[in-house]
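What's in protein-v1.pdb: PDB, C-alpha atoms and all ligand atoms
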```pdb
ATOM      1  CA  MET A   1     -19.646   2.696  19.276  1.00  0.00           C
ATOM      2  CA  LEU A   2     -21.316   0.148  21.471  1.00  0.00           C
ATOM      3  CA  LYS A   3     -21.699   1.226  25.040  1.00  0.00           C
ATOM      4  CA  ALA A   4     -20.064  -0.851  27.747  1.00  0.00           C
ATOM      5  CA  MET A   5     -23.431  -2.225  28.715  1.00  0.00           C
ATOM      6  CA  ALA A   6     -23.790  -3.562  32.167  1.00  0.00           C
ATOM      7  CA  ALA A   7     -22.989  -7.198  32.706  1.00  0.00           C
ATOM      8  CA  THR A   8     -23.021  -8.195  36.303  1.00  0.00           C
ATOM      9  CA  GLU A   9     -22.321  -7.416  39.907  1.00  0.00           C
ATOM     10  CA  PRO A  10     -19.048  -8.378  41.579  1.00  0.00           C
ATOM     11  CA  HIS A  11     -17.226 -11.635  42.007  1.00  0.00           C
ATOM     12  CA  ILE A  12     -19.387 -12.429  44.982  1.00  0.00           C
ATOM     13  CA  VAL A  13     -21.784 -12.699  42.100  1.00  0.00           C
ATOM     14  CA  ASP A  14     -25.229 -12.376  43.466  1.00  0.00           C
ATOM     15  CA  TRP A  15     -26.738 -13.913  40.351  1.00  0.00           C
ATOM     16  CA  PRO A  16     -30.389 -13.678  41.531  1.00  0.00           C
ATOM     17  CA  ALA A  17     -29.930  -9.928  42.067  1.00  0.00           C
ATOM     18  CA  TYR A  18     -28.290  -9.687  38.654  1.00  0.00           C
ATOM     19  CA  PHE A  19     -31.175 -11.558  36.992  1.00  0.00           C
ATOM     20  CA  ALA A  20     -33.711  -9.284  38.704  1.00  0.00           C
ATOM     21  CA  ALA A  21     -31.793  -6.222  37.500  1.00  0.00           C
ATOM     22  CA  THR A  22     -31.535  -7.396  33.891  1.00  0.00           C
ATOM     23  CA  ILE A  23     -34.940  -8.911  33.238  1.00  0.00           C
ATOM     24  CA  GLU A  24     -36.330  -5.649  31.839  1.00  0.00           C
ATOM     25  CA  LYS A  25     -33.150  -4.678  29.982  1.00  0.00           C
ATOM     26  CA  PRO A  26     -33.210  -4.465  26.196  1.00  0.00           C
ATOM     27  CA  LEU A  27     -31.437  -6.909  23.927  1.00  0.00           C
ATOM     28  CA  HIS A  28     -27.735  -6.058  23.720  1.00  0.00           C
ATOM     29  CA  PRO A  29     -26.898  -4.161  20.482  1.00  0.00           C
ATOM     30  CA  THR A  30     -24.392  -6.819  19.389  1.00  0.00           C
ATOM     31  CA  TYR A  31     -27.345  -8.960  18.251  1.00  0.00           C
ATOM     32  CA  ALA A  32     -28.230  -6.285  15.678  1.00  0.00           C
ATOM     33  CA  LEU A  33     -24.647  -6.463  14.400  1.00  0.00           C
ATOM     34  CA  LEU A  34     -24.897 -10.247  14.145  1.00  0.00           C
ATOM     35  CA  GLU A  35     -28.215 -10.200  12.292  1.00  0.00           C
ATOM     36  CA  PRO A  36     -26.943  -9.465   8.741  1.00  0.00           C
ATOM     37  CA  HIS A  37     -24.570 -12.432   8.987  1.00  0.00           C
ATOM     38  CA  LEU A  38     -27.156 -14.981  10.134  1.00  0.00           C
ATOM     39  CA  PRO A  39     -28.071 -17.802   7.783  1.00  0.00           C
ATOM     40  CA  THR A  40     -31.752 -18.651   7.357  1.00  0.00           C
ATOM     41  CA  THR A  41     -31.730 -21.951   9.226  1.00  0.00           C
ATOM     42  CA  VAL A  42     -29.824 -21.762  12.432  1.00  0.00           C
ATOM     43  CA  ARG A  43     -29.025 -23.919  15.386  1.00  0.00           C
ATOM     44  CA  VAL A  44     -27.753 -21.691  18.153  1.00  0.00           C
ATOM     45  CA  LEU A  45     -25.849 -22.286  21.366  1.00  0.00           C
ATOM     46  CA  GLU A  46     -26.335 -19.547  23.992  1.00  0.00           C
ATOM     47  CA  LEU A  47     -23.660 -19.897  26.655  1.00  0.00           C
ATOM     48  CA  GLY A  48     -24.517 -18.212  29.939  1.00  0.00           C
ATOM     49  CA  CYS A  49     -27.962 -17.211  28.712  1.00  0.00           C
ATOM     50  CA  GLY A  50     -28.957 -15.319  31.878  1.00  0.00           C
ATOM     51  CA  VAL A  51     -32.590 -14.251  31.758  1.00  0.00           C
ATOM     52  CA  GLY A  52     -32.674 -15.120  28.070  1.00  0.00           C
ATOM     53  CA  HIS A  53     -32.845 -11.956  25.974  1.00  0.00           C
ATOM     54  CA  GLY A  54     -30.686 -13.651  23.356  1.00  0.00           C
ATOM     55  CA  VAL A  55     -32.651 -16.896  23.535  1.00  0.00           C
ATOM     56  CA  LEU A  56     -35.912 -15.015  22.918  1.00  0.00           C
ATOM     57  CA  TYR A  57     -34.319 -13.105  20.038  1.00  0.00           C
ATOM     58  CA  PHE A  58     -33.376 -16.340  18.262  1.00  0.00           C
ATOM     59  CA  VAL A  59     -36.697 -18.015  19.087  1.00  0.00           C
ATOM     60  CA  SER A  60     -38.538 -15.056  17.528  1.00  0.00           C
ATOM     61  CA  ARG A  61     -36.718 -15.884  14.294  1.00  0.00           C
ATOM     62  CA  GLY A  62     -37.760 -19.524  14.469  1.00  0.00           C
ATOM     63  CA  PHE A  63     -34.272 -20.828  15.267  1.00  0.00           C
ATOM     64  CA  GLN A  64     -33.457 -23.852  17.432  1.00  0.00           C
ATOM     65  CA  VAL A  65     -31.612 -22.892  20.592  1.00  0.00           C
ATOM     66  CA  VAL A  66     -29.609 -24.751  23.194  1.00  0.00           C
ATOM     67  CA  ALA A  67     -29.501 -22.508  26.267  1.00  0.00           C
ATOM     68  CA  VAL A  68     -26.769 -23.174  28.825  1.00  0.00           C
ATOM     69  CA  ASP A  69     -26.392 -21.613  32.237  1.00  0.00           C
ATOM     70  CA  GLN A  70     -25.096 -22.737  35.590  1.00  0.00           C
ATOM     71  CA  SER A  71     -28.123 -21.156  37.224  1.00  0.00           C
ATOM     72  CA  LYS A  72     -31.348 -23.127  37.560  1.00  0.00           C
ATOM     73  CA  GLU A  73     -33.118 -19.876  38.381  1.00  0.00           C
ATOM     74  CA  ALA A  74     -31.989 -18.246  35.137  1.00  0.00           C
ATOM     75  CA  LEU A  75     -33.145 -21.210  33.069  1.00  0.00           C
ATOM     76  CA  GLU A  76     -36.516 -21.194  34.814  1.00  0.00           C
ATOM     77  CA  ILE A  77     -36.949 -17.497  34.043  1.00  0.00           C
ATOM     78  CA  VAL A  78     -36.169 -18.147  30.377  1.00  0.00           C
ATOM     79  CA  ARG A  79     -38.503 -21.152  30.270  1.00  0.00           C
ATOM     80  CA  SER A  80     -41.347 -19.068  31.731  1.00  0.00           C
ATOM     81  CA  CYS A  81     -40.943 -16.432  28.980  1.00  0.00           C
ATOM     82  CA  LEU A  82     -40.956 -18.761  25.977  1.00  0.00           C
ATOM     83  CA  PRO A  83     -43.786 -18.638  23.464  1.00  0.00           C
ATOM     84  CA  ALA A  84     -45.617 -21.870  22.649  1.00  0.00           C
ATOM     85  CA  GLY A  85     -43.774 -24.041  20.171  1.00  0.00           C
ATOM     86  CA  ALA A  86     -40.345 -22.570  20.836  1.00  0.00           C
ATOM     87  CA  SER A  87     -37.533 -25.006  20.133  1.00  0.00           C
ATOM     88  CA  VAL A  88     -35.250 -24.579  23.136  1.00  0.00           C
ATOM     89  CA  GLU A  89     -33.207 -27.201  24.912  1.00  0.00           C
ATOM     90  CA  PHE A  90     -32.019 -26.218  28.385  1.00  0.00           C
ATOM     91  CA  VAL A  91     -28.745 -27.394  29.861  1.00  0.00           C
ATOM     92  CA  GLN A  92     -27.985 -26.486  33.456  1.00  0.00           C
ATOM     93  CA  SER A  93     -24.214 -26.793  33.738  1.00  0.00           C
ATOM     94  CA  GLY A  94     -21.055 -24.912  34.491  1.00  0.00           C
ATOM     95  CA  PHE A  95     -19.005 -24.355  31.351  1.00  0.00           C
ATOM     96  CA  GLU A  96     -16.216 -26.363  32.967  1.00  0.00           C
ATOM     97  CA  ASP A  97     -18.411 -29.502  33.035  1.00  0.00           C
ATOM     98  CA  LEU A  98     -20.316 -28.970  29.818  1.00  0.00           C
ATOM     99  CA  ASP A  99     -20.330 -31.835  27.355  1.00  0.00           C
ATOM    100  CA  LEU A 100     -21.984 -30.723  24.146  1.00  0.00           C
ATOM    101  CA  ALA A 101     -20.755 -33.588  21.991  1.00  0.00           C
ATOM    102  CA  PRO A 102     -24.057 -35.503  22.152  1.00  0.00           C
ATOM    103  CA  LEU A 103     -25.878 -32.391  20.902  1.00  0.00           C
ATOM    104  CA  GLY A 104     -23.893 -32.070  17.674  1.00  0.00           C
ATOM    105  CA  THR A 105     -22.492 -28.886  16.200  1.00  0.00           C
ATOM    106  CA  PHE A 106     -23.879 -25.362  15.972  1.00  0.00           C
ATOM    107  CA  ASP A 107     -24.267 -22.692  13.296  1.00  0.00           C
ATOM    108  CA  VAL A 108     -23.953 -19.925  15.879  1.00  0.00           C
ATOM    109  CA  ILE A 109     -22.424 -19.767  19.337  1.00  0.00           C
ATOM    110  CA  VAL A 110     -23.154 -16.756  21.529  1.00  0.00           C
ATOM    111  CA  ALA A 111     -21.358 -16.043  24.789  1.00  0.00           C
ATOM    112  CA  GLU A 112     -22.596 -12.625  25.887  1.00  0.00           C
ATOM    113  CA  PHE A 113     -20.734 -11.408  28.974  1.00  0.00           C
ATOM    114  CA  SER A 114     -20.253 -14.946  30.224  1.00  0.00           C
ATOM    115  CA  LEU A 115     -17.027 -16.753  29.286  1.00  0.00           C
ATOM    116  CA  PHE A 116     -14.643 -14.349  30.988  1.00  0.00           C
ATOM    117  CA  PHE A 117     -15.950 -15.400  34.389  1.00  0.00           C
ATOM    118  CA  LEU A 118     -13.879 -18.549  33.955  1.00  0.00           C
ATOM    119  CA  PRO A 119     -10.337 -18.437  35.358  1.00  0.00           C
ATOM    120  CA  PRO A 120      -7.655 -18.597  32.624  1.00  0.00           C
ATOM    121  CA  PRO A 121      -6.914 -22.357  32.622  1.00  0.00           C
ATOM    122  CA  ALA A 122     -10.611 -23.269  32.475  1.00  0.00           C
ATOM    123  CA  PHE A 123     -11.228 -20.538  29.893  1.00  0.00           C
ATOM    124  CA  ARG A 124      -8.503 -21.842  27.565  1.00  0.00           C
ATOM    125  CA  ALA A 125      -9.691 -25.436  27.896  1.00  0.00           C
ATOM    126  CA  PHE A 126     -13.314 -24.479  27.321  1.00  0.00           C
ATOM    127  CA  TRP A 127     -12.505 -22.209  24.357  1.00  0.00           C
ATOM    128  CA  ALA A 128     -10.785 -25.092  22.568  1.00  0.00           C
ATOM    129  CA  ARG A 129     -13.666 -27.487  23.234  1.00  0.00           C
ATOM    130  CA  MET A 130     -16.257 -24.922  22.204  1.00  0.00           C
ATOM    131  CA  MET A 131     -14.543 -24.282  18.897  1.00  0.00           C
ATOM    132  CA  ALA A 132     -14.944 -27.943  18.084  1.00  0.00           C
ATOM    133  CA  ASP A 133     -18.709 -27.542  18.589  1.00  0.00           C
ATOM    134  CA  LEU A 134     -18.954 -24.733  16.007  1.00  0.00           C
ATOM    135  CA  LYS A 135     -19.541 -25.737  12.390  1.00  0.00           C
ATOM    136  CA  PRO A 136     -17.021 -24.584   9.767  1.00  0.00           C
ATOM    137  CA  GLY A 137     -18.393 -21.241   8.556  1.00  0.00           C
ATOM    138  CA  GLY A 138     -20.280 -20.857  11.838  1.00  0.00           C
ATOM    139  CA  LEU A 139     -20.567 -17.583  13.742  1.00  0.00           C
ATOM    140  CA  PHE A 140     -19.277 -16.822  17.212  1.00  0.00           C
ATOM    141  CA  MET A 141     -20.259 -13.695  19.122  1.00  0.00           C
ATOM    142  CA  GLY A 142     -19.479 -12.497  22.602  1.00  0.00           C
ATOM    143  CA  GLN A 143     -17.297 -10.412  24.845  1.00  0.00           C
ATOM    144  CA  LEU A 144     -13.805 -10.802  26.239  1.00  0.00           C
ATOM    145  CA  LEU A 145     -12.544  -8.865  29.240  1.00  0.00           C
ATOM    146  CA  GLY A 146      -9.549  -6.549  28.876  1.00  0.00           C
ATOM    147  CA  VAL A 147      -6.609  -6.125  31.239  1.00  0.00           C
ATOM    148  CA  ASN A 148      -7.725  -2.618  32.277  1.00  0.00           C
ATOM    149  CA  ASP A 149     -11.095  -3.840  33.500  1.00  0.00           C
ATOM    150  CA  GLU A 150     -11.837  -3.097  37.144  1.00  0.00           C
ATOM    151  CA  TRP A 151     -12.582  -6.789  37.669  1.00  0.00           C
ATOM    152  CA  ALA A 152      -9.138  -7.897  36.425  1.00  0.00           C
ATOM    153  CA  PRO A 153      -7.847  -8.707  39.950  1.00  0.00           C
ATOM    154  CA  ARG A 154     -10.700 -11.107  40.558  1.00  0.00           C
ATOM    155  CA  GLY A 155      -9.211 -14.049  38.742  1.00  0.00           C
ATOM    156  CA  TYR A 156     -11.439 -13.808  35.674  1.00  0.00           C
ATOM    157  CA  THR A 157      -9.812 -14.221  32.248  1.00  0.00           C
ATOM    158  CA  VAL A 158      -8.488 -10.864  31.042  1.00  0.00           C
ATOM    159  CA  LEU A 159      -6.677 -10.218  27.783  1.00  0.00           C
ATOM    160  CA  THR A 160      -4.643  -7.553  26.037  1.00  0.00           C
ATOM    161  CA  ARG A 161      -5.743  -6.498  22.565  1.00  0.00           C
ATOM    162  CA  ALA A 162      -2.920  -8.616  21.149  1.00  0.00           C
ATOM    163  CA  GLY A 163      -4.194 -11.562  23.195  1.00  0.00           C
ATOM    164  CA  VAL A 164      -7.698 -11.081  21.829  1.00  0.00           C
ATOM    165  CA  GLU A 165      -6.404 -10.876  18.271  1.00  0.00           C
ATOM    166  CA  GLN A 166      -4.370 -14.040  18.810  1.00  0.00           C
ATOM    167  CA  LEU A 167      -7.417 -15.866  20.167  1.00  0.00           C
ATOM    168  CA  LEU A 168      -9.494 -14.770  17.179  1.00  0.00           C
ATOM    169  CA  ALA A 169      -6.746 -15.447  14.617  1.00  0.00           C
ATOM    170  CA  PRO A 170      -8.230 -18.795  13.502  1.00  0.00           C
ATOM    171  CA  PHE A 171     -11.459 -16.914  12.636  1.00  0.00           C
ATOM    172  CA  GLU A 172     -12.472 -14.328  10.116  1.00  0.00           C
ATOM    173  CA  THR A 173     -13.195 -11.358  12.375  1.00  0.00           C
ATOM    174  CA  LEU A 174     -16.403  -9.623  11.287  1.00  0.00           C
ATOM    175  CA  HIS A 175     -16.546  -7.146  14.164  1.00  0.00           C
ATOM    176  CA  LEU A 176     -14.089  -6.272  16.925  1.00  0.00           C
ATOM    177  CA  GLU A 177     -14.658  -3.306  19.164  1.00  0.00           C
ATOM    178  CA  GLU A 178     -12.634  -2.383  22.214  1.00  0.00           C
ATOM    179  CA  VAL A 179     -14.341  -0.327  24.921  1.00  0.00           C
ATOM    180  CA  ASP A 180     -12.187   1.060  27.728  1.00  0.00           C
ATOM    181  CA  LEU A 181     -14.151   3.551  29.774  1.00  0.00           C
ATOM    182  CA  ASP A 182     -15.886   4.360  33.034  1.00  0.00           C
ATOM    183  CA  GLY A 183     -19.462   3.133  33.189  1.00  0.00           C
ATOM    184  CA  GLU A 184     -21.669   1.188  35.510  1.00  0.00           C
ATOM    185  CA  THR A 185     -22.950  -2.323  36.090  1.00  0.00           C
ATOM    186  CA  SER A 186     -26.523  -3.409  35.513  1.00  0.00           C
ATOM    187  CA  GLN A 187     -27.066  -2.723  39.194  1.00  0.00           C
ATOM    188  CA  ARG A 188     -25.901   0.856  38.699  1.00  0.00           C
ATOM    189  CA  VAL A 189     -22.584   0.396  40.481  1.00  0.00           C
ATOM    190  CA  PRO A 190     -19.852   2.620  38.958  1.00  0.00           C
ATOM    191  CA  LYS A 191     -17.232   0.490  37.234  1.00  0.00           C
ATOM    192  CA  HIS A 192     -14.370   0.804  34.760  1.00  0.00           C
ATOM    193  CA  TRP A 193     -15.061  -1.421  31.768  1.00  0.00           C
ATOM    194  CA  HIS A 194     -12.494  -2.817  29.393  1.00  0.00           C
ATOM    195  CA  ILE A 195     -14.411  -5.069  27.057  1.00  0.00           C
ATOM    196  CA  PHE A 196     -13.905  -6.475  23.567  1.00  0.00           C
ATOM    197  CA  HIS A 197     -17.117  -7.094  21.639  1.00  0.00           C
ATOM    198  CA  PHE A 198     -16.527  -9.536  18.818  1.00  0.00           C
ATOM    199  CA  ILE A 199     -18.315 -11.343  16.026  1.00  0.00           C
ATOM    200  CA  ALA A 200     -16.215 -13.916  14.208  1.00  0.00           C
ATOM    201  CA  ARG A 201     -16.694 -16.615  11.602  1.00  0.00           C
ATOM    202  CA  LYS A 202     -14.979 -19.977  11.832  1.00  0.00           C
ATOM    203  CA  ARG A 203     -13.024 -20.534   8.671  1.00  0.00           C
ATOM    204  CA  PRO A 204     -14.422 -23.334   6.494  1.00  0.00           C
TER     205      PRO A 204
HETATM  206  C1  LIG B 301     -23.309 -11.465  33.104  1.00  0.00           C
HETATM  207  S1  LIG B 301     -24.441 -12.739  32.884  1.00  0.00           S
HETATM  208  C2  LIG B 301     -24.842 -12.537  31.167  1.00  0.00           C
HETATM  209  C3  LIG B 301     -26.184 -13.094  30.828  1.00  0.00           C
HETATM  210  C4  LIG B 301     -26.612 -12.920  29.390  1.00  0.00           C
HETATM  211  N1  LIG B 301     -25.723 -13.596  28.476  1.00  0.00           N
HETATM  212  C5  LIG B 301     -26.690 -11.452  29.066  1.00  0.00           C
HETATM  213  O1  LIG B 301     -25.822 -10.944  28.354  1.00  0.00           O
HETATM  214  O2  LIG B 301     -27.632 -10.793  29.541  1.00  0.00           O
HETATM  215  C6  LIG B 301     -23.445 -14.167  32.912  1.00  0.00           C
HETATM  216  C7  LIG B 301     -24.249 -15.446  32.870  1.00  0.00           C
HETATM  217  O3  LIG B 301     -23.325 -16.509  32.763  1.00  0.00           O
HETATM  218  C8  LIG B 301     -23.630 -17.489  33.724  1.00  0.00           C
HETATM  219  N2  LIG B 301     -22.336 -18.069  34.130  1.00  0.00           N
HETATM  220  C9  LIG B 301     -21.309 -17.447  34.745  1.00  0.00           C
HETATM  221  N3  LIG B 301     -20.294 -18.286  34.933  1.00  0.00           N
HETATM  222  C10 LIG B 301     -20.694 -19.479  34.427  1.00  0.00           C
HETATM  223  C11 LIG B 301     -20.087 -20.769  34.329  1.00  0.00           C
HETATM  224  N4  LIG B 301     -18.848 -20.979  34.780  1.00  0.00           N
HETATM  225  N5  LIG B 301     -20.787 -21.763  33.751  1.00  0.00           N
HETATM  226  C12 LIG B 301     -22.046 -21.551  33.265  1.00  0.00           C
HETATM  227  N6  LIG B 301     -22.669 -20.364  33.343  1.00  0.00           N
HETATM  228  C13 LIG B 301     -22.006 -19.343  33.911  1.00  0.00           C
HETATM  229  C14 LIG B 301     -24.332 -16.773  34.858  1.00  0.00           C
HETATM  230  O4  LIG B 301     -25.185 -17.630  35.594  1.00  0.00           O
HETATM  231  C15 LIG B 301     -25.079 -15.687  34.117  1.00  0.00           C
HETATM  232  O5  LIG B 301     -26.366 -16.086  33.734  1.00  0.00           O
END
```
Conversion result in structure tokens:
Amino acid sequence: MLKAMAATEPHIVDWPAYFAATIEKPLHPTYALLEPHLPTTVRVLELGCGVGHGVLYFVSRGFQVVAVDQSKEALEIVRSCLPAGASVEFVQSGFEDLDLAPLGTFDVIVAEFSLFFLPPPAFRAFWARMMADLKPGGLFMGQLLGVNDEWAPRGYTVLTRAGVEQLLAPFETLHLEEVDLDGETSQRVPKHWHIFHFIARKRP
């Protein structure tokens, strides 16, 4: 079972402190679960890339990446870590304002611990738009927050298992794991996590 790995600090969201706390963290184990499903030539969208562990993972495989984050600081950290010749396009934007249409469609979309920070109306609107940016047969990986999560009262998007299954119904679900346990954040603050890790494939 995947551990409820730390995501962030509270809704006050001290993102610089979060970035400092996560810069030395390992790649989240969901990337290893994604790996067997990856095609050989991949154009990836990393939504809420943070300090860029996922971006660097895809770059190391020679993939093209579009890295999105609202934080200029996060994107600068990622930029400073890139090897020469890496094909990464940076987009500093909130998900709410993101217009990916000019960039075309993607083979893989990753949203690791990022989309649930949107409040429900913005989440639903963004989810629909994002699905249009994923190629038929494309892969989508990320986390959704469950109703038992300690952060549920904060206005983030939280879902029941049935809600998650409904959201993923248009996809072929390759991996779905529910974690509902006491843990801690990346800044070592005790926290109850209720998280759904998923990997899904858009039906052709
Ligand atoms: C918990 S961090 C996860 C970072 C990275 N994906 C990881 O797993 O290590 C969430 C990231 O999403 C970004 N983020 C949060 N809300 C966002 C929004 N509404 N629009 C764009 N980025 C957002 C934050 O700046 C942060 O980098």
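Distance check against Phe196 in chain A using all atoms listed in the file: of A:Ala169, A:Val51, A:Val108, A:Val147, the minimum falls on A:Val147.
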Give me, as a Markdown table, each residue of chain A that comes within 6 Å of ligand LIG 301 (chain B), together with its shortest interatomic pair and the distance in Å at one decimal, counting only C-alpha atoms and all ligand atoms, with rows ordered by chain and rising residue number.
```
| residue | atom | partner | partner_atom | distance |
| --- | --- | --- | --- | --- |
| A:Ala7 | CA | B:LIG301 | C1 | 4.3 |
| A:Thr8 | CA | B:LIG301 | C1 | 4.6 |
| A:Gly48 | CA | B:LIG301 | O3 | 3.5 |
| A:Cys49 | CA | B:LIG301 | N1 | 4.3 |
| A:Gly50 | CA | B:LIG301 | O5 | 3.3 |
| A:Asp69 | CA | B:LIG301 | N6 | 4.1 |
| A:Gln70 | CA | B:LIG301 | C12 | 4.0 |
| A:Ser71 | CA | B:LIG301 | O4 | 4.9 |
| A:Ser93 | CA | B:LIG301 | C12 | 5.7 |
| A:Gly94 | CA | B:LIG301 | N5 | 3.2 |
| A:Phe95 | CA | B:LIG301 | N5 | 4.0 |
| A:Glu112 | CA | B:LIG301 | N1 | 4.2 |
| A:Phe113 | CA | B:LIG301 | C2 | 4.8 |
| A:Ser114 | CA | B:LIG301 | C6 | 4.2 |
| A:Phe117 | CA | B:LIG301 | N3 | 5.2 |
| A:Leu118 | CA | B:LIG301 | N4 | 5.6 |
```
Using only C-alpha atoms, which protein or nucleic acid residues come within 8 Å of Gly54 in chain A? Drop anything in the same chain fewer than 3 positions from it, and give the result as JSON, numbers by chain. {"A": [27, 31, 46, 49, 57, 58]}
Determine the residue membership of the PyMOL selection byres (((chain A and resi 132) around 12) and not hetatm) for the file above and supply it as a compact mmCIF listing (two decimals) with C-alpha atoms, in the frame of the given file.
```
# COMPACT_ATOMS: atom_id res chain seq x y z
CA ASP A 99 -20.33 -31.84 27.36
CA LEU A 100 -21.98 -30.72 24.15
CA ALA A 101 -20.76 -33.59 21.99
CA GLY A 104 -23.89 -32.07 17.67
CA THR A 105 -22.49 -28.89 16.20
CA PHE A 106 -23.88 -25.36 15.97
CA ASP A 107 -24.27 -22.69 13.30
CA ILE A 109 -22.42 -19.77 19.34
CA ALA A 125 -9.69 -25.44 27.90
CA PHE A 126 -13.31 -24.48 27.32
CA TRP A 127 -12.50 -22.21 24.36
CA ALA A 128 -10.78 -25.09 22.57
CA ARG A 129 -13.67 -27.49 23.23
CA MET A 130 -16.26 -24.92 22.20
CA MET A 131 -14.54 -24.28 18.90
CA ASP A 133 -18.71 -27.54 18.59
CA LEU A 134 -18.95 -24.73 16.01
CA LYS A 135 -19.54 -25.74 12.39
CA PRO A 136 -17.02 -24.58 9.77
CA GLY A 138 -20.28 -20.86 11.84
CA PHE A 140 -19.28 -16.82 17.21
CA LYS A 202 -14.98 -19.98 11.83
```
Nearest to Leu167 in chain A by atom-to-atom distance, counting only C-alpha atoms, from A:Ala152, A:Ile195, A:Ala200, A:Ala111: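 Among the listed residues, A:Ala200 lies closest to Leu167 in chain A.
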Taking the file as shown, find all residues satisfying the PyMOL selection byres (((chain A and resi 165) around 12) and not hetatm) and write them as a count of residues only. 24
Is there a way to get, as a list in words, all residues within 9 Å of the point (-13.5, 0.8, 28.0) in file coordinates, counting only C-alpha atoms? Lys3, Ala4, Gly146, Asn148, Asp149, Glu178, Val179, Asp180, Leu181, Asp182, Gly183, His192, Trp193, His194, Ile195 and Phe196 of chain A
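A straight line drawn from CA of Val59 in chain A to CA of Ala32 in chain A is 14.9 Å long.
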Expansion of the PyMOL selection byres (((chain A and resi 91) around 8) and not hetatm) into residues, as a list in words: Val66, Ala67, Val68, Asp69, Glu89, Phe90, Gln92 and Ser93 of chain A
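With CA of Thr157 in chain A on one side and CA of Phe123 in chain A on the other, the separation reads 6.9 Å.
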What is the CA of Gly142 in chain A to CA of Leu103 in chain A distance in Å?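 So the answer is 21.0 Å.
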Please rebuild range 127-138 of chain A with N, CA and C atoms and give the result as a compact mmCIF listing (two decimals), in the coordinates of the input.
```txt
# COMPACT_ATOMS: atom_id res chain seq x y z
N TRP A 127 -12.55 -22.86 25.68
CA TRP A 127 -12.50 -22.21 24.36
C TRP A 127 -12.18 -23.25 23.28
N ALA A 128 -11.20 -24.08 23.55
CA ALA A 128 -10.78 -25.09 22.57
C ALA A 128 -11.92 -26.09 22.32
N ARG A 129 -12.58 -26.51 23.40
CA ARG A 129 -13.67 -27.49 23.23
C ARG A 129 -14.84 -26.86 22.48
N MET A 130 -15.13 -25.60 22.82
CA MET A 130 -16.26 -24.92 22.20
C MET A 130 -16.05 -24.75 20.70
N MET A 131 -14.82 -24.47 20.31
CA MET A 131 -14.54 -24.28 18.90
C MET A 131 -14.83 -25.54 18.10
N ALA A 132 -14.65 -26.68 18.76
CA ALA A 132 -14.94 -27.94 18.08
C ALA A 132 -16.45 -28.12 17.89
N ASP A 133 -17.25 -27.42 18.68
CA ASP A 133 -18.71 -27.54 18.59
C ASP A 133 -19.32 -26.55 17.59
N LEU A 134 -18.48 -25.71 16.99
CA LEU A 134 -18.95 -24.73 16.01
C LEU A 134 -18.69 -25.28 14.61
N LYS A 135 -19.72 -25.23 13.75
CA LYS A 135 -19.54 -25.74 12.39
C LYS A 135 -18.55 -24.87 11.62
N PRO A 136 -17.82 -25.43 10.66
CA PRO A 136 -17.02 -24.58 9.77
C PRO A 136 -17.95 -23.56 9.10
N GLY A 137 -17.54 -22.31 9.09
CA GLY A 137 -18.39 -21.24 8.56
C GLY A 137 -19.35 -20.69 9.60
N GLY A 138 -19.37 -21.30 10.78
CA GLY A 138 -20.28 -20.86 11.84
C GLY A 138 -19.84 -19.55 12.49
```
